[in-house]
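Colleague: Structure in structure tokens, see below.
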2 protein chains.
Amino acid sequence: MHAVIMAGGSGTRFWPASRRKRPKQFLRITGDTPLVVETCNRLAPVARDEQMILVLGAEHMAEAGSLFHGRGVHLLGEPVGRNTAPCIGLGALYARHLGCRGPVAFMPADHYIADEHAFLNALETAGRAATDGGIVTLGIVPTRPETGYGYIRRGEVVSAAGEAPIHRVSRFVEKPDRTTALAYLESRDYDWNAGIFVAAPEVILKEIEACLPDLFAGLERLNGKLGTDAFEREMAEVYAGIEPVSFDYGVMEKTRAPLFVVPCDCGWSDVGSWESLCELRAEESDPDGNLALGETELVDCKNLFVTSQGGRLVACLGLEDCLVVDTSDALLVARRSRSQEVRKIVHALEQKRKESFL
Amino acid sequence: MHAVIMAGGSGTRFWPASRRKRPKQFLRITGDTPLVVETCNRLAPVARDEQMILVLGAEHMAEAGSLFHGRGVHLLGEPVGRNTAPCIGLGALYARHLGCRGPVAFMPADHYIADEHAFLNALETAGRAATDGGIVTLGIVPTRPETGYGYIRRGEVVSAAGEAPIHRVSRFVEKPDRTTALAYLESRDYDWNAGIFVAAPEVILKEIEACLPDLFAGLERLNGKLGTDAFEREMAEVYAGIEPVSFDYGVMEKTRAPLFVVPCDCGWSDVGSWESLCELRAEESDPDGNLALGETELVDCKNLFVTSQGGRLVACLGLEDCLVVDTSDALLVARRSRSQEVRKIVHALEQKRKESFL
């Protein structure tokens, strides 16, 4: 199986750890390994390094080059981010260029998966289901009435032969309100759309041709330059003219290709905020619910997430339900329940043009 | 008037800003000037630099030397801290050595005074009252039922000729409990003992001779070496044998010298904790009650005290009633109401022998 791993995007939610130059996917926040490396390593049982294509922002090529030094992972730098449809199209193009005719797994680089076995099983099932011209998404079995994700309504079962059943997709739905999300959870008919799917490159390109003809024309131009010295310049020109559009909106919701969903209960998280990281790593906490990483000293504290870098000491006294993220030049202290709003800090800094902290 | 300014003591309450090598009196916490310099500058209308004697820890001589570079202030380094009685005795000895026969004002180096005019008035009144062999303390008019200070009970008025009346001291009392402190406040008969007093050096030395003969013997040894090359070595030997004792306990509570108190309503604070500093500087706060110094960014915060040093950015989100003190190598985040307990952090670091943060 080939894999296209989408590692673009800046990610302001993990400020001050994440910055323009070092976005979330390059952070070691779930453990000792950067998320993007973790994502590739997780695929090792189903794909060789040489079958992996990492699409990332051109400005992060050097960082990725050093993270994947000596490995056969292919790195493609987008001169500017244009959302997921161009990224997926480019990945499909490149997979085909590598000779891939079978299934390709497409996925974001910055997610966490607790149960890798369940994840890989679902991926292999999806790979088998994708051999007939379909697009097969993984449907993450919901664990809470989340309003921050899109959902997939499962349709009829088309095969239950593998370890995981394969359903037709009944429909994709946008982020629901709280009541709807609760109804979805209780119905057991809906899965979270994690943006992970499997399809042959030819299918992806054909559907882009049908749904996003301008993008397809751009990809055609790139196709002629793949593997040549002119590729980078062509990328710059083509990307300058591409409209940003997501694959979900631009293709998935319009395509006439058969769509399938493989439900997957694998402890998935998109690690969307400091708070979700806290929850993810909750079992590493001390008996008072504090998770303290690096040089720290806590006195009478509860439910803190504290991380210190570079040997600086972070001392906390009498605090509850806060997060303290210390980096070499900037520090965040926030109430945990407000962690979704970290971007407000980033926006304030942008408005004040404090570039060095962005 | 001469002045002896006591600048010893390590002060763990302002950690991480205060350290063993940089105690509170050397910090610029009430404004742009270190407290010890502020204390000397405040006296300028009543004492010339050459009449000021700063007694400090020998380990801080270099720092003080640079702060008072080019000024005539006399610096005396104690090889080890032995509480206030030896420090005051040494100051008195040195003032006499400088030819002082009149009043000397003794005071700590790390206090804040809002109304300098009222303070200097009280000091001059005390100076006049001290010419007849008495010891004259300033009694700070209480503004709250504080349980952290000693009190002075005012006795009969002996003179109301000056701007401030002069009372006999009825008695000194130790730190009271809450109920007693409330009764003191309501009675209007008690003042706070701020450890500021005026007396002739000869009176101080005579009373030390009477109340603390061992200390007096040590001071006699030093007296013979004042102004000679042998002084420093003699200091080391004498101080090694001195018992630590406070002037309040060792002399004030036992002396038969006439004791007077001059009430003084001068906006005094001993700046005993981050919280008291917050209160002191409250009028510099923004409309949400936040006092933010240095490079900071606050979103939806109330009643914070935030200080950043060295250009690091401190960002806070959704916090209330906290203090955030950032220094180059250590950071404190604490609930403001717990600011008296900052020493718990210091003790924890001591036990773990984290010397570099002490």
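Every chain in the structure tokens has a letter given in the order shown (A, B, ...), and although residue numbers restart at 1 in each chain, ligands are simply numbered from 1 in the order shown.
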Counting only C-alpha atoms, which residues from chain A have an atom at most 6 Å from any atom of chain B, and could you show them as a PyMOL selection string?
Modeller: chain A and resi 312-319+329-335
Colleague: Now that the selection is made, can you save its residues with N, CA and C atoms as an mmCIF file, in the first residue's frame?
Modeller:
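So the final result, stored in result05.cif, reads:
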data_model
loop_
_atom_site.group_PDB
_atom_site.id
_atom_site.type_symbol
_atom_site.label_atom_id
_atom_site.label_comp_id
_atom_site.auth_asym_id
_atom_site.auth_seq_id
_atom_site.Cartn_x
_atom_site.Cartn_y
_atom_site.Cartn_z
ATOM 1 N N ARG A 312 14.646 25.586 31.722
ATOM 2 C CA ARG A 312 14.034 26.605 32.564
ATOM 3 C C ARG A 312 13.110 25.933 33.577
ATOM 4 N N LEU A 313 13.054 26.507 34.780
ATOM 5 C CA LEU A 313 12.198 25.947 35.825
ATOM 6 C C LEU A 313 10.835 26.622 35.812
ATOM 7 N N VAL A 314 9.783 25.813 35.787
ATOM 8 C CA VAL A 314 8.422 26.346 35.917
ATOM 9 C C VAL A 314 7.871 25.906 37.268
ATOM 10 N N ALA A 315 7.626 26.862 38.145
ATOM 11 C CA ALA A 315 7.091 26.564 39.472
ATOM 12 C C ALA A 315 5.658 27.068 39.557
ATOM 13 N N CYS A 316 4.779 26.228 40.102
ATOM 14 C CA CYS A 316 3.365 26.614 40.236
ATOM 15 C C CYS A 316 2.933 26.425 41.675
ATOM 16 N N LEU A 317 2.110 27.350 42.150
ATOM 17 C CA LEU A 317 1.669 27.341 43.543
ATOM 18 C C LEU A 317 0.173 27.609 43.619
ATOM 19 N N GLY A 318 -0.568 26.629 44.171
ATOM 20 C CA GLY A 318 -1.986 26.853 44.449
ATOM 21 C C GLY A 318 -2.863 27.009 43.217
ATOM 22 N N LEU A 319 -2.472 26.407 42.103
ATOM 23 C CA LEU A 319 -3.239 26.545 40.862
ATOM 24 C C LEU A 319 -4.086 25.313 40.578
ATOM 25 N N ASP A 329 11.277 31.542 24.067
ATOM 26 C CA ASP A 329 11.038 32.981 23.963
ATOM 27 C C ASP A 329 9.621 33.409 24.304
ATOM 28 N N ALA A 330 8.730 32.455 24.545
ATOM 29 C CA ALA A 330 7.351 32.830 24.845
ATOM 30 C C ALA A 330 6.701 31.799 25.750
ATOM 31 N N LEU A 331 5.748 32.279 26.513
ATOM 32 C CA LEU A 331 5.122 31.485 27.557
ATOM 33 C C LEU A 331 3.626 31.679 27.484
ATOM 34 N N LEU A 332 2.879 30.591 27.644
ATOM 35 C CA LEU A 332 1.422 30.694 27.719
ATOM 36 C C LEU A 332 0.942 30.164 29.060
ATOM 37 N N VAL A 333 0.115 30.952 29.733
ATOM 38 C CA VAL A 333 -0.587 30.476 30.925
ATOM 39 C C VAL A 333 -2.068 30.647 30.639
ATOM 40 N N ALA A 334 -2.833 29.557 30.672
ATOM 41 C CA ALA A 334 -4.245 29.644 30.301
ATOM 42 C C ALA A 334 -5.077 28.702 31.152
ATOM 43 N N ARG A 335 -6.315 29.081 31.315
ATOM 44 C CA ARG A 335 -7.286 28.172 31.900
ATOM 45 C C ARG A 335 -7.512 27.036 30.895
#
Colleague: Compile the contact shell of A:Leu76 as a PDB file with N, CA and C atoms, in the first residue's frame: residues with an atom at most 8 Å away, counting only C-alpha atoms, same-chain residues fewer than 5 positions apart removed.
Modeller:
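Output (result-v1.pdb):
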ATOM      1  N   ILE A  53       4.548   9.211   0.693  1.00  0.00           N
ATOM      2  CA  ILE A  53       4.719  10.533   0.090  1.00  0.00           C
ATOM      3  C   ILE A  53       4.229  11.566   1.092  1.00  0.00           C
ATOM      4  N   LEU A  54       5.141  12.417   1.498  1.00  0.00           N
ATOM      5  CA  LEU A  54       4.802  13.437   2.481  1.00  0.00           C
ATOM      6  C   LEU A  54       4.643  14.756   1.737  1.00  0.00           C
ATOM      7  N   VAL A  55       3.432  15.338   1.795  1.00  0.00           N
ATOM      8  CA  VAL A  55       3.210  16.631   1.143  1.00  0.00           C
ATOM      9  C   VAL A  55       3.205  17.697   2.230  1.00  0.00           C
ATOM     10  N   LEU A  56       4.108  18.652   2.100  1.00  0.00           N
ATOM     11  CA  LEU A  56       4.227  19.638   3.175  1.00  0.00           C
ATOM     12  C   LEU A  56       4.509  21.017   2.602  1.00  0.00           C
ATOM     13  N   ALA A  58       6.577  24.123   1.550  1.00  0.00           N
ATOM     14  CA  ALA A  58       7.971  24.201   1.090  1.00  0.00           C
ATOM     15  C   ALA A  58       8.882  24.752   2.186  1.00  0.00           C
ATOM     16  N   MET A  61      10.520  22.034   4.310  1.00  0.00           N
ATOM     17  CA  MET A  61      11.262  20.951   3.666  1.00  0.00           C
ATOM     18  C   MET A  61      12.562  20.628   4.402  1.00  0.00           C
TER      19      MET A  61
END
Colleague: Would you kindly return, as a VMD selection string, each protein, DNA or RNA residue with an atom no farther than 10 Å from any atom of stretch 9-12 of chain B, considering only C-alpha atoms and excluding same-chain residues fewer than 3 positions away?
Modeller: chain B and resid 6 15 to 25 56 to 57 80 to 84 110 272 to 273 341 to 347 358
Colleague: Do a neighbour search on A:Asn223 at 12 Å with only C-alpha atoms, toss out local chain neighbours closer than 2 positions, and write the hits as a PyMOL selection string.
Modeller: chain A and resi 89-98+205+216-221+225-228+230-232+234-235+238
Colleague: Please, could you write that set of residues out with N, CA and C atoms as an mmCIF file, in the first residue's frame?
Modeller:
data_model
loop_
_atom_site.group_PDB
_atom_site.id
_atom_site.type_symbol
_atom_site.label_atom_id
_atom_site.label_comp_id
_atom_site.auth_asym_id
_atom_site.auth_seq_id
_atom_site.Cartn_x
_atom_site.Cartn_y
_atom_site.Cartn_z
ATOM 1 N N GLY A 89 -4.545 15.765 -4.671
ATOM 2 C CA GLY A 89 -4.317 15.578 -6.101
ATOM 3 C C GLY A 89 -2.839 15.393 -6.403
ATOM 4 N N LEU A 90 -2.031 16.245 -5.805
ATOM 5 C CA LEU A 90 -0.580 16.159 -6.008
ATOM 6 C C LEU A 90 -0.042 14.820 -5.511
ATOM 7 N N GLY A 91 -0.529 14.394 -4.331
ATOM 8 C CA GLY A 91 -0.098 13.108 -3.774
ATOM 9 C C GLY A 91 -0.474 11.957 -4.697
ATOM 10 N N ALA A 92 -1.691 12.004 -5.229
ATOM 11 C CA ALA A 92 -2.158 10.944 -6.135
ATOM 12 C C ALA A 92 -1.296 10.907 -7.398
ATOM 13 N N LEU A 93 -1.032 12.101 -7.926
ATOM 14 C CA LEU A 93 -0.192 12.221 -9.116
ATOM 15 C C LEU A 93 1.172 11.577 -8.881
ATOM 16 N N TYR A 94 1.733 11.901 -7.718
ATOM 17 C CA TYR A 94 3.085 11.410 -7.418
ATOM 18 C C TYR A 94 3.088 9.894 -7.172
ATOM 19 N N ALA A 95 2.025 9.397 -6.524
ATOM 20 C CA ALA A 95 1.924 7.948 -6.287
ATOM 21 C C ALA A 95 1.865 7.216 -7.630
ATOM 22 N N ARG A 96 1.095 7.757 -8.546
ATOM 23 C CA ARG A 96 1.008 7.151 -9.884
ATOM 24 C C ARG A 96 2.371 7.186 -10.570
ATOM 25 N N HIS A 97 3.058 8.341 -10.419
ATOM 26 C CA HIS A 97 4.414 8.496 -10.970
ATOM 27 C C HIS A 97 5.367 7.429 -10.412
ATOM 28 N N LEU A 98 5.129 7.033 -9.158
ATOM 29 C CA LEU A 98 5.968 5.991 -8.543
ATOM 30 C C LEU A 98 5.559 4.592 -9.012
ATOM 31 N N LEU A 205 -7.704 11.120 -9.283
ATOM 32 C CA LEU A 205 -7.455 12.073 -10.367
ATOM 33 C C LEU A 205 -8.677 12.194 -11.269
ATOM 34 N N PHE A 216 -7.585 20.052 -11.928
ATOM 35 C CA PHE A 216 -7.087 18.946 -12.733
ATOM 36 C C PHE A 216 -6.139 19.451 -13.825
ATOM 37 N N ALA A 217 -6.497 20.568 -14.437
ATOM 38 C CA ALA A 217 -5.631 21.143 -15.476
ATOM 39 C C ALA A 217 -4.258 21.492 -14.899
ATOM 40 N N GLY A 218 -4.264 22.045 -13.713
ATOM 41 C CA GLY A 218 -3.000 22.359 -13.043
ATOM 42 C C GLY A 218 -2.180 21.104 -12.798
ATOM 43 N N LEU A 219 -2.851 20.064 -12.323
ATOM 44 C CA LEU A 219 -2.153 18.807 -12.046
ATOM 45 C C LEU A 219 -1.583 18.219 -13.336
ATOM 46 N N GLU A 220 -2.323 18.364 -14.429
ATOM 47 C CA GLU A 220 -1.836 17.901 -15.733
ATOM 48 C C GLU A 220 -0.528 18.601 -16.104
ATOM 49 N N ARG A 221 -0.480 19.906 -15.873
ATOM 50 C CA ARG A 221 0.750 20.656 -16.154
ATOM 51 C C ARG A 221 1.912 20.113 -15.334
ATOM 52 N N LYS A 225 6.062 17.548 -15.719
ATOM 53 C CA LYS A 225 7.360 17.971 -15.175
ATOM 54 C C LYS A 225 7.845 17.108 -14.011
ATOM 55 N N LEU A 226 7.045 16.097 -13.616
ATOM 56 C CA LEU A 226 7.430 15.247 -12.477
ATOM 57 C C LEU A 226 8.808 14.643 -12.686
ATOM 58 N N GLY A 227 9.657 14.766 -11.666
ATOM 59 C CA GLY A 227 10.987 14.175 -11.758
ATOM 60 C C GLY A 227 11.962 14.973 -12.602
ATOM 61 N N THR A 228 11.569 16.149 -13.078
ATOM 62 C CA THR A 228 12.499 16.979 -13.853
ATOM 63 C C THR A 228 12.925 18.199 -13.026
ATOM 64 N N ALA A 230 12.512 21.151 -13.792
ATOM 65 C CA ALA A 230 11.544 22.243 -13.943
ATOM 66 C C ALA A 230 10.350 22.106 -12.998
ATOM 67 N N PHE A 231 10.308 21.000 -12.249
ATOM 68 C CA PHE A 231 9.129 20.719 -11.424
ATOM 69 C C PHE A 231 8.851 21.830 -10.414
ATOM 70 N N GLU A 232 9.913 22.267 -9.731
ATOM 71 C CA GLU A 232 9.725 23.240 -8.657
ATOM 72 C C GLU A 232 9.151 24.552 -9.199
ATOM 73 N N GLU A 234 7.476 24.934 -11.961
ATOM 74 C CA GLU A 234 6.116 24.672 -12.420
ATOM 75 C C GLU A 234 5.145 24.661 -11.234
ATOM 76 N N MET A 235 5.587 24.063 -10.122
ATOM 77 C CA MET A 235 4.777 24.038 -8.899
ATOM 78 C C MET A 235 4.408 25.462 -8.491
ATOM 79 N N VAL A 238 1.856 26.877 -11.002
ATOM 80 C CA VAL A 238 0.545 26.226 -10.929
ATOM 81 C C VAL A 238 -0.168 26.575 -9.622
#
Colleague: Of the candidates A:Arg154, A:His167, A:Ile204, A:Glu283, which shows the shortest atom-to-atom distance to A:Arg256, using only C-alpha atoms?
Modeller: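 So, comparing all the options, the nearest one is A:Ile204.
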Colleague: For the helix (DSSP H, G or I) assignment from backbone DSSP, which residues of stretch 11-119 of chain B qualify? Please present them as a PyMOL selection string.
Modeller: chain B and resi 24-26+35-42+49-51+58-67+84-97+116-119
Colleague: Restrict the selected residues to C-alpha atoms and save them as a PDB file, in the first residue's frame.
Modeller:
ATOM      1  CA  LYS B  24      14.682  41.642  47.460  1.00  0.00           C
ATOM      2  CA  GLN B  25      16.437  44.883  48.455  1.00  0.00           C
ATOM      3  CA  PHE B  26      18.322  44.819  45.150  1.00  0.00           C
ATOM      4  CA  LEU B  35      14.646  49.279  46.777  1.00  0.00           C
ATOM      5  CA  VAL B  36      17.981  49.906  48.530  1.00  0.00           C
ATOM      6  CA  VAL B  37      18.740  52.859  46.245  1.00  0.00           C
ATOM      7  CA  GLU B  38      15.194  54.160  46.661  1.00  0.00           C
ATOM      8  CA  THR B  39      15.629  54.002  50.440  1.00  0.00           C
ATOM      9  CA  CYS B  40      18.833  56.081  50.304  1.00  0.00           C
ATOM     10  CA  ASN B  41      17.456  58.553  47.757  1.00  0.00           C
ATOM     11  CA  ARG B  42      14.385  59.121  49.913  1.00  0.00           C
ATOM     12  CA  ASP B  49      25.334  60.479  50.965  1.00  0.00           C
ATOM     13  CA  GLU B  50      28.431  60.766  53.166  1.00  0.00           C
ATOM     14  CA  GLN B  51      26.183  60.457  56.215  1.00  0.00           C
ATOM     15  CA  ALA B  58      29.529  40.764  52.145  1.00  0.00           C
ATOM     16  CA  GLU B  59      28.390  38.679  49.146  1.00  0.00           C
ATOM     17  CA  HIS B  60      26.414  41.685  47.904  1.00  0.00           C
ATOM     18  CA  MET B  61      29.200  44.279  48.195  1.00  0.00           C
ATOM     19  CA  ALA B  62      30.015  44.167  44.484  1.00  0.00           C
ATOM     20  CA  GLU B  63      26.389  44.707  43.490  1.00  0.00           C
ATOM     21  CA  ALA B  64      26.010  47.565  45.986  1.00  0.00           C
ATOM     22  CA  GLY B  65      29.315  49.037  44.859  1.00  0.00           C
ATOM     23  CA  SER B  66      28.016  49.263  41.335  1.00  0.00           C
ATOM     24  CA  LEU B  67      24.622  50.632  42.372  1.00  0.00           C
ATOM     25  CA  THR B  84      19.470  43.085  63.398  1.00  0.00           C
ATOM     26  CA  ALA B  85      21.203  43.699  66.754  1.00  0.00           C
ATOM     27  CA  PRO B  86      24.787  43.172  65.458  1.00  0.00           C
ATOM     28  CA  CYS B  87      23.951  45.054  62.284  1.00  0.00           C
ATOM     29  CA  ILE B  88      22.618  48.052  64.245  1.00  0.00           C
ATOM     30  CA  GLY B  89      25.546  47.909  66.657  1.00  0.00           C
ATOM     31  CA  LEU B  90      27.999  47.928  63.752  1.00  0.00           C
ATOM     32  CA  GLY B  91      26.148  50.829  62.136  1.00  0.00           C
ATOM     33  CA  ALA B  92      26.220  52.824  65.368  1.00  0.00           C
ATOM     34  CA  LEU B  93      29.925  52.110  65.794  1.00  0.00           C
ATOM     35  CA  TYR B  94      30.648  53.293  62.273  1.00  0.00           C
ATOM     36  CA  ALA B  95      28.480  56.410  62.594  1.00  0.00           C
ATOM     37  CA  ARG B  96      30.442  57.368  65.736  1.00  0.00           C
ATOM     38  CA  HIS B  97      33.663  56.652  63.825  1.00  0.00           C
ATOM     39  CA  GLU B 116       7.955  60.767  51.583  1.00  0.00           C
ATOM     40  CA  HIS B 117       7.111  64.165  52.993  1.00  0.00           C
ATOM     41  CA  ALA B 118       5.194  62.673  55.953  1.00  0.00           C
ATOM     42  CA  PHE B 119       7.974  60.155  56.487  1.00  0.00           C
TER      43      PHE B 119
END
Colleague: Of the candidates B:Ala183, B:Ala3, B:Ala122, B:Ile29, which one gets nearest to B:Leu138 if we count only C-alpha atoms?
Modeller: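 Once distances to B:Leu138 are computed over only C-alpha atoms, the minimum belongs to B:Ala122.
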Colleague: Just checking: using only C-alpha atoms, which residue out of B:Glu237, B:Thr255, B:Asp321, B:Val73 ends up closest to B:Ile5?
Modeller: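 Among the listed residues, B:Val73 lies closest to B:Ile5.
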Colleague: Write out as a ChimeraX atom specification each polymer residue whose atoms come within 7 Å of A:Val104, counting only C-alpha atoms; drop sequence neighbours fewer than 4 positions from it.
Modeller: /A:1-4,198-201
Colleague: So that I can check the secondary structure, give me every residue of stretch 282-327 of chain B assigned strand (DSSP E) by backbone DSSP, as a PyMOL selection string.
Modeller: chain B and resi 291-293+296-299+305-307+313-317+322-326
Colleague: Residues at most 9 Å from A:Val271, counting only C-alpha atoms, excluding those fewer than 2 positions away in the same chain, as a PyMOL selection string?
Modeller: chain A and resi 30+110-112+268-269+273-277+280
